[in-house]
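*Asks:* Structure below; questions to follow.
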Amino acid sequence: MHSFDQIWAIAAKRKGGDAALEAKMPEIKTADELAATPDDRILAAMTRAVFSAGFSWQVIEHKWPGFEEAFEGFNPVRCMFLDDDDLGRLVSDTRIVRNGVKIRSVRENAAFLCALADEHGSAARAIADWPSSDFMGLLDMIKKRASRLGGTSGQYFLRFIGKDGFVLGRDVVAALVREGVVDKEPTSKAAKKAVQDAFNTWAVESGRPLAHISRVLAMSIDA
């Protein structure tokens, strides 16, 4: 496995130098900044990730004001109590993408956030306090307890809200295979642990957040 400095050098050469690569690093929030995020914004980000999966992100972005109106600002308590009549109305609402399964996920994810809030004071606080060194554990928790947020959907949701972590897109997985961390997309418990261990090693070496390491890995792969 290459050191982080070696991987950075590969990516910097591809992207026009150190300064150009540095400018491409994603922004993340501190734990306190993330914890201050209202839970309605957490539910909105979840919904954006769910509806974007397998669909045009540009379409979701264009229609997003309609989503905000249709779901009345994504208040988790209000959305948790959407009844079947409400869901039926939303399936016919042209302001949003009319996918019944994904629309129902808003109610399910609202209930999940309300449960987190009961347990931790706020859903944002629970997510903010989860250590990046166990990011895989956070992804597994969200996959089990939330709706339609497994795989990269959960990873993009966390990136949307500014939580430090990685996104295991095609190029990142290719880089992890090149580095001998895994031999394919990590799905087994052992493979996920290997990925987390590798990111933790590079984080210690570099002092950088996981989100930066993830982006550098992706940019070290030839398109």
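So you can find residues: chains in the structure tokens are A, B, ... in the order shown, residues in each start at 1, and ligands are numbered from 1 in order.
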Could you write out, as a PyMOL selection string, all the residues of segment 43-164 of chain A that DSSP marks as alpha helix (DSSP H)?
*Replies:* chain A and resi 43-52+57-70+76-80+84-91+100-120+123-129+135-145+151-161
*Asks:* Find the residues of segment 101-207 of chain A that sit at most 12 Å from segment 59-81 of chain A; for each, write down the nearest two atoms and how far apart they are in Å, to one decimal. Count only C-alpha atoms. Sort by chain, then by number going up, and give it as a Markdown table.
*Replies:*
```
| residue | atom | partner | partner_atom | distance |
| --- | --- | --- | --- | --- |
| A:Ile103 | CA | A:Phe71 | CA | 9.7 |
| A:Arg104 | CA | A:Cys79 | CA | 9.9 |
| A:Ser105 | CA | A:Met80 | CA | 10.0 |
| A:Val106 | CA | A:Cys79 | CA | 6.9 |
| A:Arg107 | CA | A:Met80 | CA | 4.8 |
| A:Glu108 | CA | A:Met80 | CA | 6.8 |
| A:Asn109 | CA | A:Met80 | CA | 7.8 |
| A:Ala110 | CA | A:Pro76 | CA | 4.6 |
| A:Ala111 | CA | A:Met80 | CA | 5.1 |
| A:Phe112 | CA | A:Met80 | CA | 8.7 |
| A:Leu113 | CA | A:Pro76 | CA | 6.8 |
| A:Cys114 | CA | A:Pro76 | CA | 6.5 |
| A:Ala115 | CA | A:Pro76 | CA | 10.2 |
| A:Leu116 | CA | A:Pro76 | CA | 11.1 |
| A:Ala117 | CA | A:Pro76 | CA | 10.0 |
| A:Asp118 | CA | A:Val77 | CA | 11.7 |
| A:Ser122 | CA | A:Pro76 | CA | 11.0 |
| A:Ala123 | CA | A:Pro76 | CA | 10.1 |
```
*Asks:* Put those residues in a file: C-alpha atoms, as a compact mmCIF listing (two decimals), in the first residue's frame.
*Replies:*
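Okay, out.txt is ready:
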```txt
# COMPACT_ATOMS: atom_id res chain seq x y z
CA ILE A 103 -41.83 9.09 -1.20
CA ARG A 104 -42.64 6.58 1.57
CA SER A 105 -38.98 6.62 2.56
CA VAL A 106 -39.39 10.23 3.71
CA ARG A 107 -41.88 9.10 6.36
CA GLU A 108 -39.62 6.21 7.38
CA ASN A 109 -36.51 8.38 7.57
CA ALA A 110 -38.40 11.02 9.55
CA ALA A 111 -39.26 8.34 12.13
CA PHE A 112 -35.61 7.28 12.22
CA LEU A 113 -34.47 10.86 12.84
CA CYS A 114 -37.03 11.32 15.58
CA ALA A 115 -35.74 8.17 17.26
CA LEU A 116 -32.17 9.45 17.02
CA ALA A 117 -33.28 12.77 18.49
CA ASP A 118 -34.90 10.97 21.44
CA SER A 122 -30.87 15.65 18.02
CA ALA A 123 -30.17 13.51 14.99
```
*Asks:* Mind checking which residues fall within 10 Å of Gly154 of chain A, counting only C-alpha atoms, ignoring those fewer than 2 positions away in the same chain, and posting them as a ChimeraX atom specification?
*Replies:* /A:46,49-50,138-140,142-143,146-152,156-160,167
*Asks:* Please list as a compact mmCIF listing (two decimals) with N, CA and C atoms, in the first residue's frame every residue within 10 Å of Ala175 of chain A, counting only C-alpha atoms and excluding residues in the same chain fewer than 2 positions away.
*Replies:*
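Wrote it out as selection-v2.txt, contents follow:
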```txt
# COMPACT_ATOMS: atom_id res chain seq x y z
N ILE A 7 0.42 8.74 -2.87
CA ILE A 7 -0.86 8.81 -3.59
C ILE A 7 -1.18 10.26 -3.95
N LEU A 168 -17.39 5.69 -1.64
CA LEU A 168 -16.77 4.59 -2.36
C LEU A 168 -17.32 4.49 -3.77
N ARG A 170 -16.72 4.64 -8.06
CA ARG A 170 -15.95 3.75 -8.92
C ARG A 170 -14.45 4.01 -8.83
N ASP A 171 -14.03 5.27 -8.89
CA ASP A 171 -12.61 5.59 -8.90
C ASP A 171 -11.95 5.31 -7.55
N VAL A 172 -12.67 5.58 -6.46
CA VAL A 172 -12.11 5.29 -5.14
C VAL A 172 -11.92 3.78 -4.98
N VAL A 173 -12.91 3.02 -5.38
CA VAL A 173 -12.76 1.56 -5.30
C VAL A 173 -11.61 1.08 -6.17
N VAL A 177 -8.37 -1.01 -4.89
CA VAL A 177 -7.92 -2.27 -5.50
C VAL A 177 -6.46 -2.16 -5.90
N ARG A 178 -6.08 -1.04 -6.50
CA ARG A 178 -4.67 -0.81 -6.88
C ARG A 178 -3.75 -0.89 -5.67
N GLU A 179 -4.23 -0.37 -4.53
CA GLU A 179 -3.41 -0.35 -3.32
C GLU A 179 -3.41 -1.69 -2.58
N GLY A 180 -4.16 -2.66 -3.09
CA GLY A 180 -4.19 -3.98 -2.46
C GLY A 180 -5.05 -4.05 -1.21
N VAL A 181 -5.89 -3.04 -1.00
CA VAL A 181 -6.75 -3.03 0.19
C VAL A 181 -7.90 -4.02 0.02
N VAL A 182 -8.50 -4.03 -1.17
CA VAL A 182 -9.57 -4.97 -1.51
C VAL A 182 -9.33 -5.45 -2.94
N SER A 214 -10.42 10.41 0.46
CA SER A 214 -11.30 9.83 -0.54
C SER A 214 -11.17 10.55 -1.88
N VAL A 216 -8.65 12.39 -2.98
CA VAL A 216 -7.31 12.18 -3.54
C VAL A 216 -7.21 10.80 -4.18
N LEU A 217 -7.75 9.79 -3.53
CA LEU A 217 -7.76 8.46 -4.12
C LEU A 217 -8.46 8.46 -5.47
N ALA A 218 -9.62 9.09 -5.53
CA ALA A 218 -10.37 9.15 -6.79
C ALA A 218 -9.57 9.84 -7.89
N MET A 219 -8.87 10.90 -7.52
CA MET A 219 -8.14 11.68 -8.51
C MET A 219 -6.79 11.06 -8.88
N SER A 220 -6.43 9.99 -8.19
CA SER A 220 -5.20 9.30 -8.55
C SER A 220 -5.41 8.23 -9.60
N ILE A 221 -6.67 8.11 -10.04
CA ILE A 221 -7.02 7.10 -11.05
C ILE A 221 -7.18 7.77 -12.40
N ASP A 222 -6.62 7.18 -13.44
CA ASP A 222 -6.80 7.71 -14.80
C ASP A 222 -8.25 7.54 -15.22
```
*Asks:* Measure the distance from atom CA of Glu185 of chain A to atom CA of Trp8 of chain A in Å and round it to one decimal.
*Replies:*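 Computing it gives 22.0 Å between the two atoms.
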*Asks:* Excluding same-chain residues fewer than 3 positions from Arg208 of chain A, what lies within 12 Å of it counting only C-alpha atoms, as a list of chain:residue names?
*Replies:* A:Phe4, A:Asp5, A:Trp8, A:Glu22, A:Met25, A:Pro26, A:Glu27, A:Ile28, A:Ser132, A:Asp164, A:Gly165, A:Phe199, A:Asn200, A:Thr201, A:Trp202, A:Ala203, A:Val204, A:Glu205, A:Ala211, A:His212, A:Ile213, A:Ser214, A:Arg215, A:Val216
*Asks:* So which one's closest to Ala35 of chain A, A:Ala11, A:Ala190, A:Ala124, A:Ala53? Using only C-alpha atoms, please.
*Replies:*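 Ranking A:Ala11, A:Ala190, A:Ala124, A:Ala53 by distance to Ala35 of chain A, first place goes to A:Ala124.
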*Asks:* What separation in Å, quoted to one decimal, exists between atom CA of Ala198 of chain A and atom CA of Asp134 of chain A?
*Replies:*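 Straight-line distance from atom CA of Ala198 of chain A to atom CA of Asp134 of chain A works out to 11.8 Å.
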*Asks:* Using only C-alpha atoms, which protein or nucleic acid residues come within 10 Å of Ala31 of chain A? Drop anything in the same chain fewer than 6 positions from it, and give the result as a PyMOL selection string.
*Replies:* chain A and resi 124-131+162-164
*Asks:* Kindly save the residues from that selection, with C-alpha atoms included, as a PDB file, in the first residue's frame.
*Replies:*
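Full text of result.pdb as output:
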```pdb
ATOM      1  CA  ALA A 124     -27.463  15.942  13.934  1.00  0.00           C
ATOM      2  CA  ARG A 125     -25.720  15.530  17.298  1.00  0.00           C
ATOM      3  CA  ALA A 126     -25.764  11.741  16.970  1.00  0.00           C
ATOM      4  CA  ILE A 127     -24.180  11.890  13.516  1.00  0.00           C
ATOM      5  CA  ALA A 128     -21.705  14.617  14.486  1.00  0.00           C
ATOM      6  CA  ASP A 129     -20.408  12.659  17.477  1.00  0.00           C
ATOM      7  CA  TRP A 130     -19.877   9.415  15.573  1.00  0.00           C
ATOM      8  CA  PRO A 131     -16.090   8.995  15.164  1.00  0.00           C
ATOM      9  CA  GLY A 162     -20.691  17.950   5.805  1.00  0.00           C
ATOM     10  CA  LYS A 163     -19.876  14.828   7.826  1.00  0.00           C
ATOM     11  CA  ASP A 164     -16.310  13.666   7.367  1.00  0.00           C
TER      12      ASP A 164
END
```
*Asks:* Just to confirm, what's the straight-line distance from atom CA of Gly169 of chain A to atom CA of Lys144 of chain A in Å (one decimal)?
*Replies:* 20.6 Å
*Asks:* Taking only C-alpha atoms into account, name the residue in A:Ser188, A:Arg89, A:Ala20, A:Ile161 that is nearest to Arg41 of chain A.
*Replies:*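 Of A:Ser188, A:Arg89, A:Ala20, A:Ile161, the one nearest Arg41 of chain A, counting only C-alpha atoms, is A:Ile161.
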*Asks:* Taking only C-alpha atoms into account, name the residue in A:Leu82, A:Lys15, A:Pro186, A:Asn99 that is nearest to Ala174 of chain A.
*Replies:*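 With only C-alpha atoms as the atom set, the closest residue is A:Pro186.
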*Asks:* For Phe135 of chain A, which residue out of A:Asp86, A:Asp18, A:Asp39, A:Asp197 is the nearest one, using only C-alpha atoms?
*Replies:*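 Counting only C-alpha atoms, the residue closest to Phe135 of chain A is A:Asp197.
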